[in-house]
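Visitor: Just one file: my_file-v5.cif, with mmCIF, C-alpha atoms.
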```cif
data_upload
#
loop_
_atom_site.label_atom_id
_atom_site.label_comp_id
_atom_site.auth_asym_id
_atom_site.auth_seq_id
_atom_site.Cartn_x
_atom_site.Cartn_y
_atom_site.Cartn_z
CA MET A 1 0.00 0.00 0.00
CA VAL A 2 1.26 3.43 -0.96
CA GLU A 3 0.24 5.87 1.74
CA LYS A 4 -1.12 9.19 0.53
CA LEU A 5 -2.20 10.59 3.89
CA LYS A 6 -0.04 11.56 6.81
CA ILE A 7 -2.05 11.31 10.03
CA ASN A 8 -0.54 12.63 13.25
CA THR A 9 -1.99 10.23 15.83
CA GLU A 10 -0.85 12.46 18.70
CA LEU A 11 -3.04 15.30 17.40
CA CYS A 12 -5.92 13.16 16.09
CA SER A 13 -8.93 13.00 18.45
CA GLY A 14 -10.76 10.33 16.46
CA CYS A 15 -13.72 12.68 15.89
CA GLY A 16 -14.48 11.06 12.52
CA LEU A 17 -14.96 14.24 10.50
CA CYS A 18 -12.31 13.13 8.00
CA LYS A 19 -14.12 9.82 7.51
CA SER A 20 -17.44 11.62 7.03
CA VAL A 21 -16.19 13.65 4.04
CA CYS A 22 -14.11 10.95 2.32
CA ILE A 23 -15.97 10.15 -0.92
CA ARG A 24 -13.78 7.07 -1.48
CA ASP A 25 -14.40 5.51 1.95
CA ASN A 26 -10.65 5.44 2.42
CA ILE A 27 -10.52 6.42 6.12
CA GLU A 28 -11.51 4.44 9.20
CA ILE A 29 -11.47 5.35 12.89
CA ASP A 30 -10.02 3.18 15.66
CA GLU A 31 -9.36 5.63 18.48
CA THR A 32 -7.54 7.64 15.81
CA ALA A 33 -7.99 7.89 12.06
CA TYR A 34 -6.10 5.64 9.64
CA GLU A 35 -5.97 5.14 5.90
CA LEU A 36 -7.40 1.98 4.31
CA GLU A 37 -6.60 0.87 0.76
CA ASN A 38 -5.08 2.66 -2.23
CA ASN A 39 -8.36 4.38 -2.91
CA CYS A 40 -7.40 7.99 -2.12
CA PHE A 41 -7.40 10.45 -5.02
CA GLU A 42 -5.95 13.24 -2.90
CA CYS A 43 -8.94 15.59 -2.92
CA GLY A 44 -7.83 16.91 0.48
CA HIS A 45 -11.30 17.12 2.06
CA CYS A 46 -10.03 15.22 5.10
CA MET A 47 -7.16 17.68 5.50
CA ALA A 48 -9.42 20.70 5.05
CA ILE A 49 -11.98 19.63 7.69
CA CYS A 50 -9.77 18.21 10.48
CA PRO A 51 -10.25 20.47 13.55
CA GLU A 52 -6.86 19.50 14.97
CA GLY A 53 -4.86 19.79 11.74
CA ALA A 54 -3.83 16.16 12.18
CA VAL A 55 -4.27 15.10 8.53
CA SER A 56 -2.10 16.17 5.63
CA LEU A 57 -1.45 15.00 2.07
CA ILE A 58 2.02 13.59 1.57
CA LYS A 59 1.96 14.81 -2.03
CA TYR A 60 1.89 18.43 -0.85
CA GLU A 61 4.31 18.31 2.08
CA ASN A 62 6.48 20.96 0.41
CA GLN A 63 3.54 23.35 0.04
CA SER A 64 2.76 24.05 3.68
CA ASP A 65 2.90 27.78 2.91
CA MET A 66 -0.26 27.38 0.80
CA ILE A 67 -2.32 26.15 3.76
CA GLU A 68 -4.59 28.89 5.09
CA GLU A 69 -7.08 28.73 7.93
CA TYR A 70 -10.48 30.37 7.34
CA ASN A 71 -13.97 30.53 8.80
CA ALA A 72 -16.37 28.86 6.35
CA ARG A 73 -19.28 30.80 7.86
CA GLU A 74 -17.71 34.08 6.78
CA ILE A 75 -18.01 34.35 3.00
CA PRO A 76 -15.50 36.98 1.78
CA VAL A 77 -17.83 38.45 -0.85
CA ASP A 78 -21.61 38.75 -0.73
CA TYR A 79 -24.10 37.85 -3.47
CA ASP A 80 -24.89 41.38 -4.60
CA ASP A 81 -21.22 42.39 -4.96
CA LEU A 82 -20.32 39.22 -6.83
CA LEU A 83 -23.34 39.51 -9.13
CA GLN A 84 -22.47 43.15 -9.86
CA PHE A 85 -18.91 42.04 -10.66
CA LEU A 86 -20.26 39.49 -13.15
CA LYS A 87 -22.62 42.05 -14.68
CA GLN A 88 -19.78 44.48 -15.38
CA ARG A 89 -17.51 41.92 -17.04
CA ARG A 90 -17.38 42.49 -20.81
CA SER A 91 -15.31 41.08 -23.65
CA ILE A 92 -12.47 43.51 -24.40
CA ARG A 93 -10.89 43.81 -27.86
CA TRP A 94 -9.37 47.29 -27.61
CA PHE A 95 -6.13 47.34 -25.64
CA LYS A 96 -3.52 49.83 -24.51
CA ASN A 97 0.00 49.51 -25.87
CA LYS A 98 1.15 48.02 -22.56
CA LYS A 99 2.27 44.47 -21.85
CA ILE A 100 1.26 42.46 -18.81
CA ASP A 101 4.37 41.58 -16.78
CA LYS A 102 5.25 38.16 -15.41
CA ALA A 103 4.43 39.07 -11.80
CA THR A 104 0.87 40.02 -12.82
CA PHE A 105 0.46 36.81 -14.80
CA GLU A 106 1.53 34.86 -11.72
CA LYS A 107 -1.24 36.57 -9.75
CA LEU A 108 -3.75 35.51 -12.39
CA PHE A 109 -2.64 31.89 -12.37
CA MET A 110 -3.39 31.66 -8.65
CA GLY A 111 -7.03 31.44 -9.72
CA ALA A 112 -6.18 28.37 -11.80
CA TYR A 113 -4.08 26.94 -8.95
CA TYR A 114 -7.21 26.73 -6.79
CA SER A 115 -9.48 25.58 -9.62
CA PRO A 116 -11.33 22.24 -9.42
CA SER A 117 -10.65 19.55 -12.01
CA ALA A 118 -12.30 16.31 -13.14
CA GLN A 119 -11.34 13.37 -10.94
CA ASN A 120 -8.92 15.77 -9.22
CA MET A 121 -6.47 15.16 -12.08
CA GLN A 122 -5.10 18.72 -11.87
CA ASP A 123 -3.59 18.31 -15.32
CA VAL A 124 -4.32 21.78 -16.71
CA GLU A 125 -1.35 23.46 -18.39
CA PHE A 126 -1.00 26.97 -19.78
CA ALA A 127 1.05 28.69 -22.45
CA VAL A 128 1.41 32.48 -22.53
CA LEU A 129 2.14 33.68 -26.06
CA ASP A 130 3.99 36.98 -26.28
CA GLU A 131 7.25 37.14 -28.22
CA LYS A 132 6.26 34.08 -30.24
CA LEU A 133 2.67 35.19 -30.77
CA ASP A 134 3.10 36.14 -34.45
CA GLU A 135 4.86 32.85 -35.19
CA PHE A 136 2.08 30.94 -33.45
CA MET A 137 -0.66 32.79 -35.33
CA GLU A 138 0.97 31.91 -38.66
CA LEU A 139 0.83 28.26 -37.63
CA VAL A 140 -2.83 28.68 -36.65
CA TYR A 141 -3.65 30.07 -40.08
CA ASP A 142 -1.70 27.31 -41.83
CA ILE A 143 -3.97 24.81 -40.05
CA ILE A 144 -7.36 26.53 -40.20
CA LYS A 145 -7.10 27.89 -43.75
CA VAL A 146 -8.81 24.70 -44.97
CA GLN A 147 -12.04 26.33 -43.72
CA GLU A 148 -11.57 29.67 -45.51
CA ASP A 149 -14.54 29.06 -47.77
CA GLU A 150 -16.76 28.33 -44.79
CA PHE A 151 -15.72 31.22 -42.53
CA PHE A 152 -15.02 34.67 -43.97
CA ARG A 153 -13.09 35.62 -40.81
CA ILE A 154 -10.46 32.99 -41.60
CA LYS A 155 -10.08 34.40 -45.11
CA GLU A 156 -9.72 37.89 -43.62
CA PHE A 157 -7.03 36.49 -41.36
CA GLY A 158 -5.16 35.06 -44.33
CA ASP A 159 -5.42 38.35 -46.24
CA TYR A 160 -4.08 40.20 -43.20
CA LEU A 161 -1.05 37.92 -42.92
CA LYS A 162 -0.25 38.50 -46.58
CA ASP A 163 -0.67 42.28 -46.31
CA LYS A 164 -1.12 43.84 -42.85
CA SER A 165 -2.21 47.12 -44.43
CA SER A 166 -5.31 45.39 -45.80
CA LYS A 167 -7.03 45.51 -42.40
CA LYS A 168 -7.09 48.13 -39.67
CA PHE A 169 -6.98 45.48 -36.93
CA HIS A 170 -5.85 41.88 -36.63
CA PRO A 171 -8.93 39.80 -37.61
CA LEU A 172 -8.45 37.37 -34.71
CA LEU A 173 -6.46 39.29 -32.08
CA TRP A 174 -7.81 42.80 -32.71
CA GLU A 175 -5.44 45.00 -30.67
CA GLY A 176 -4.28 42.14 -28.44
CA SER A 177 -0.59 41.27 -28.18
CA GLN A 178 -0.66 38.55 -25.50
CA LEU A 179 -2.55 35.27 -25.52
CA ILE A 180 -3.24 32.62 -22.87
CA LEU A 181 -3.82 29.06 -24.09
CA THR A 182 -5.20 26.40 -21.77
CA PHE A 183 -4.50 22.69 -22.28
CA SER A 184 -6.00 19.70 -20.48
CA SER A 185 -7.20 16.15 -21.00
CA ASP A 186 -10.63 17.35 -19.87
CA LYS A 187 -12.40 20.27 -21.55
CA THR A 188 -14.43 21.32 -18.53
CA SER A 189 -11.36 21.50 -16.29
CA ALA A 190 -9.59 23.77 -18.78
CA VAL A 191 -12.56 26.09 -19.22
CA ILE A 192 -13.19 26.43 -15.47
CA ALA A 193 -9.51 27.18 -14.82
CA ASN A 194 -9.34 29.86 -17.49
CA THR A 195 -12.65 31.40 -16.37
CA ARG A 196 -11.32 31.83 -12.85
CA LEU A 197 -8.18 33.37 -14.28
CA GLU A 198 -10.27 35.71 -16.44
CA LEU A 199 -12.31 36.97 -13.48
CA LEU A 200 -9.16 37.63 -11.47
CA ALA A 201 -7.87 39.56 -14.47
CA TYR A 202 -10.94 41.79 -14.36
CA SER A 203 -10.34 42.43 -10.65
CA LEU A 204 -6.84 43.69 -11.56
CA GLY A 205 -8.10 46.07 -14.23
CA LEU A 206 -7.35 43.73 -17.13
CA GLY A 207 -9.67 42.34 -19.77
CA GLY A 208 -9.86 40.17 -22.84
CA PHE A 209 -11.93 37.87 -25.01
CA TYR A 210 -12.11 34.23 -26.02
CA SER A 211 -11.20 33.24 -29.59
CA LEU A 212 -13.01 30.24 -31.00
CA PHE A 213 -11.18 30.52 -34.32
CA ILE A 214 -7.82 29.90 -32.65
CA LEU A 215 -9.31 26.79 -31.02
CA LYS A 216 -10.13 25.45 -34.46
CA ALA A 217 -6.43 24.74 -34.95
CA ASP A 218 -6.62 22.00 -32.34
CA GLU A 219 -9.88 20.65 -33.70
CA ILE A 220 -8.55 20.43 -37.27
CA ASN A 221 -5.00 19.19 -36.69
CA HIS A 222 -4.09 18.57 -33.08
CA ASP A 223 -0.75 16.88 -33.81
CA LYS A 224 0.52 19.72 -35.98
CA LEU A 225 -0.55 22.31 -33.40
CA MET A 226 1.22 20.51 -30.56
CA GLU A 227 4.53 20.58 -32.43
CA PHE A 228 4.66 24.22 -31.32
CA PHE A 229 4.50 23.13 -27.67
CA PRO A 230 7.09 20.34 -27.20
CA GLU A 231 6.97 20.65 -23.39
CA ILE A 232 3.21 20.09 -23.11
CA ASP A 233 1.75 16.58 -22.93
CA LYS A 234 0.54 15.74 -26.46
CA SER A 235 -2.47 13.89 -25.10
CA LYS A 236 -3.89 17.18 -23.84
CA HIS A 237 -5.96 19.45 -26.05
CA MET A 238 -6.13 23.22 -26.34
CA TYR A 239 -9.58 23.96 -24.95
CA SER A 240 -9.37 27.70 -24.22
CA SER A 241 -7.80 30.64 -26.06
CA PHE A 242 -7.97 33.98 -24.26
CA VAL A 243 -6.58 37.24 -25.66
CA ILE A 244 -5.67 39.46 -22.71
CA GLY A 245 -4.43 42.98 -22.04
CA TYR A 246 -5.07 46.39 -20.49
CA PRO A 247 -8.41 47.78 -21.75
CA LYS A 248 -8.33 50.98 -23.76
CA LYS A 249 -12.12 51.37 -23.63
CA ARG A 250 -14.32 51.44 -20.52
CA PHE A 251 -18.01 50.61 -20.71
CA ARG A 252 -20.77 52.41 -18.84
CA ARG A 253 -23.69 50.04 -18.50
CA THR A 254 -24.85 46.43 -18.69
CA LEU A 255 -26.60 44.97 -21.72
CA PRO A 256 -29.71 42.78 -21.87
CA HIS A 257 -29.16 39.12 -22.76
CA ASP A 258 -31.41 36.47 -24.19
CA ASP A 259 -33.43 34.82 -21.47
CA ILE A 260 -31.84 31.63 -20.27
CA THR A 261 -33.89 28.43 -20.31
CA ILE A 262 -34.23 26.70 -16.95
CA LYS A 263 -36.11 23.48 -16.34
CA PHE A 264 -36.76 22.22 -12.82
CA LEU A 265 -37.37 18.51 -13.08
#
```
Turn this file's structure into structure tokens for me.
Guide:
Amino acid sequence: MVEKLKINTELCSGCGLCKSVCIRDNIEIDETAYELENNCFECGHCMAICPEGAVSLIKYENQSDMIEEYNAREIPVDYDDLLQFLKQRRSIRWFKNKKIDKATFEKLFMGAYYSPSAQNMQDVEFAVLDEKLDEFMELVYDIIKVQEDEFFRIKEFGDYLKDKSSKKFHPLLWEGSQLILTFSSDKTSAVIANTRLELLAYSLGLGGFYSLFILKADEINHDKLMEFFPEIDKSKHMYSSFVIGYPKKRFRRTLPHDDITIKFL
């Protein structure tokens, strides 16, 4: 048996809270808690709920600085503030001529660090395109140009690459000069991680928009696309493409949306 939990029996009171939240039934109590079979997928619920701090994950022993106590009854943001935050979020395509620095990107990726993932795989990877952005976009066009006849935007993109004076703005990036790509073996995990990152970006005065046309490169020829990213696991797919920067335009009001359909069954 490969132990994944470290249980301090001197601190453990045998209260059973860790057992009560273990979705794999991997913990038993006999005066103190102990791990059963190799059934733990390291979700950390047992560690997060232990009142004595007696349980820890061996996998994260070197990340003790990331452990933070909090009161679950004190929610740090209320409903109205969070809803207003979501209302004010808009896609941004007009950017200042100012690059986001590495320290700011690291702040953004903290949102992804704490993001949930399918089966707790935590396999989301990111690529930030900056200096190699133009080279990457040429590869994207080389892949997606097979759909030029179907999508006029792709043809516009090709015309722009041939003659940048033919268009006022980049057909896919607009005024953007930095791009975040999200890779994962699970689409939902990638999208959730990038969404959290995007909302943190808004809190820091940044903005951006998602590009579905860039994602087509993965859909059309995944293997060719991944040649550009030799350090990323080839089994993962590019599921999110987010152009990001400092907004040049500020909006004044919310817009109506189509009513959403909700069925209570």
Visitor: I need the residue set behind the PyMOL selection byres ((chain A and resi 200-204) around 10) for this file; please write it as a PyMOL selection string.
Guide: chain A and resi 85-86+88-90+104-105+107-112+194-199+205-208+244-247
Visitor: Just write the chosen residues, C-alpha atoms, as a PDB file, keeping the file's coordinate frame.
Guide:
```pdb
ATOM      1  CA  PHE A  85     -18.910  42.040 -10.660  1.00  0.00           C
ATOM      2  CA  LEU A  86     -20.260  39.490 -13.150  1.00  0.00           C
ATOM      3  CA  GLN A  88     -19.780  44.480 -15.380  1.00  0.00           C
ATOM      4  CA  ARG A  89     -17.510  41.920 -17.040  1.00  0.00           C
ATOM      5  CA  ARG A  90     -17.380  42.490 -20.810  1.00  0.00           C
ATOM      6  CA  THR A 104       0.870  40.020 -12.820  1.00  0.00           C
ATOM      7  CA  PHE A 105       0.460  36.810 -14.800  1.00  0.00           C
ATOM      8  CA  LYS A 107      -1.240  36.570  -9.750  1.00  0.00           C
ATOM      9  CA  LEU A 108      -3.750  35.510 -12.390  1.00  0.00           C
ATOM     10  CA  PHE A 109      -2.640  31.890 -12.370  1.00  0.00           C
ATOM     11  CA  MET A 110      -3.390  31.660  -8.650  1.00  0.00           C
ATOM     12  CA  GLY A 111      -7.030  31.440  -9.720  1.00  0.00           C
ATOM     13  CA  ALA A 112      -6.180  28.370 -11.800  1.00  0.00           C
ATOM     14  CA  ASN A 194      -9.340  29.860 -17.490  1.00  0.00           C
ATOM     15  CA  THR A 195     -12.650  31.400 -16.370  1.00  0.00           C
ATOM     16  CA  ARG A 196     -11.320  31.830 -12.850  1.00  0.00           C
ATOM     17  CA  LEU A 197      -8.180  33.370 -14.280  1.00  0.00           C
ATOM     18  CA  GLU A 198     -10.270  35.710 -16.440  1.00  0.00           C
ATOM     19  CA  LEU A 199     -12.310  36.970 -13.480  1.00  0.00           C
ATOM     20  CA  GLY A 205      -8.100  46.070 -14.230  1.00  0.00           C
ATOM     21  CA  LEU A 206      -7.350  43.730 -17.130  1.00  0.00           C
ATOM     22  CA  GLY A 207      -9.670  42.340 -19.770  1.00  0.00           C
ATOM     23  CA  GLY A 208      -9.860  40.170 -22.840  1.00  0.00           C
ATOM     24  CA  ILE A 244      -5.670  39.460 -22.710  1.00  0.00           C
ATOM     25  CA  GLY A 245      -4.430  42.980 -22.040  1.00  0.00           C
ATOM     26  CA  TYR A 246      -5.070  46.390 -20.490  1.00  0.00           C
ATOM     27  CA  PRO A 247      -8.410  47.780 -21.750  1.00  0.00           C
TER      28      PRO A 247
END
```
Visitor: For Cys46 in chain A, which of A:Phe209, A:Phe95, A:Phe169, A:Tyr34 is the closest residue, counting only C-alpha atoms?
Guide: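 When distances to Cys46 in chain A are compared using only C-alpha atoms, the smallest one comes from A:Tyr34.
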Visitor: Would you mind reading off the distance between CA of Met121 in chain A and CA of Glu227 in chain A, one decimal, in Å?
Guide: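 Distance reported for this atom pair: 23.8 Å.
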Visitor: Mind working out the centre and edge lengths of an axis-aligned box for range 245-257 of chain A, all listed atoms inside, 5 Å added to each side, rounded to one decimal in Å and written as AutoDock Vina command-line options?
Guide:
```
--center_x -17.1 --center_y 45.8 --center_z -21.1 --size_x 35.3 --size_y 23.3 --size_z 15.3
```
Visitor: Which is closer to Asn221 in chain A than all the others in A:Glu10, A:Asp142, A:Asp78, A:Glu31, using all atoms listed in the file?
Guide: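 Using all atoms listed in the file, Asn221 in chain A sits closest to A:Asp142.
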Visitor: To one decimal place in Å, what is the distance between CA of Val140 in chain A and CA of Phe126 in chain A?
Guide: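 One can read the CA of Val140 in chain A to CA of Phe126 in chain A distance as 17.1 Å.
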Visitor: Name the residues captured by the PyMOL selection byres ((chain A and resi 18) around 10) when it is applied to the shown file; answer as a count of residues only.
Guide: 25
Visitor: Give me, as a PyMOL selection string, all polymer residues having an atom no more than 8 Å from range 2-5 of chain A, counting all atoms listed in the file and skipping those fewer than 2 positions away in the same chain.
Guide: chain A and resi 7+35+38+40+42+55-59
Visitor: For C-alpha atoms, I'd like the residues from the last selection saved as a PDB file, keeping the file's coordinate frame.
Guide:
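Done, and the output landed in part-v1.pdb:
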```pdb
ATOM      1  CA  ILE A   7      -2.050  11.310  10.030  1.00  0.00           C
ATOM      2  CA  GLU A  35      -5.970   5.140   5.900  1.00  0.00           C
ATOM      3  CA  ASN A  38      -5.080   2.660  -2.230  1.00  0.00           C
ATOM      4  CA  CYS A  40      -7.400   7.990  -2.120  1.00  0.00           C
ATOM      5  CA  GLU A  42      -5.950  13.240  -2.900  1.00  0.00           C
ATOM      6  CA  VAL A  55      -4.270  15.100   8.530  1.00  0.00           C
ATOM      7  CA  SER A  56      -2.100  16.170   5.630  1.00  0.00           C
ATOM      8  CA  LEU A  57      -1.450  15.000   2.070  1.00  0.00           C
ATOM      9  CA  ILE A  58       2.020  13.590   1.570  1.00  0.00           C
ATOM     10  CA  LYS A  59       1.960  14.810  -2.030  1.00  0.00           C
TER      11      LYS A  59
END
```
Visitor: Kindly indicate which residue among A:Glu125, A:Val243, A:Arg73, A:Asp223 lies nearest to Ile180 in chain A, using only C-alpha atoms for the distances.
Guide: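 Checking each candidate against Ile180 in chain A, we get A:Val243 as the closest.
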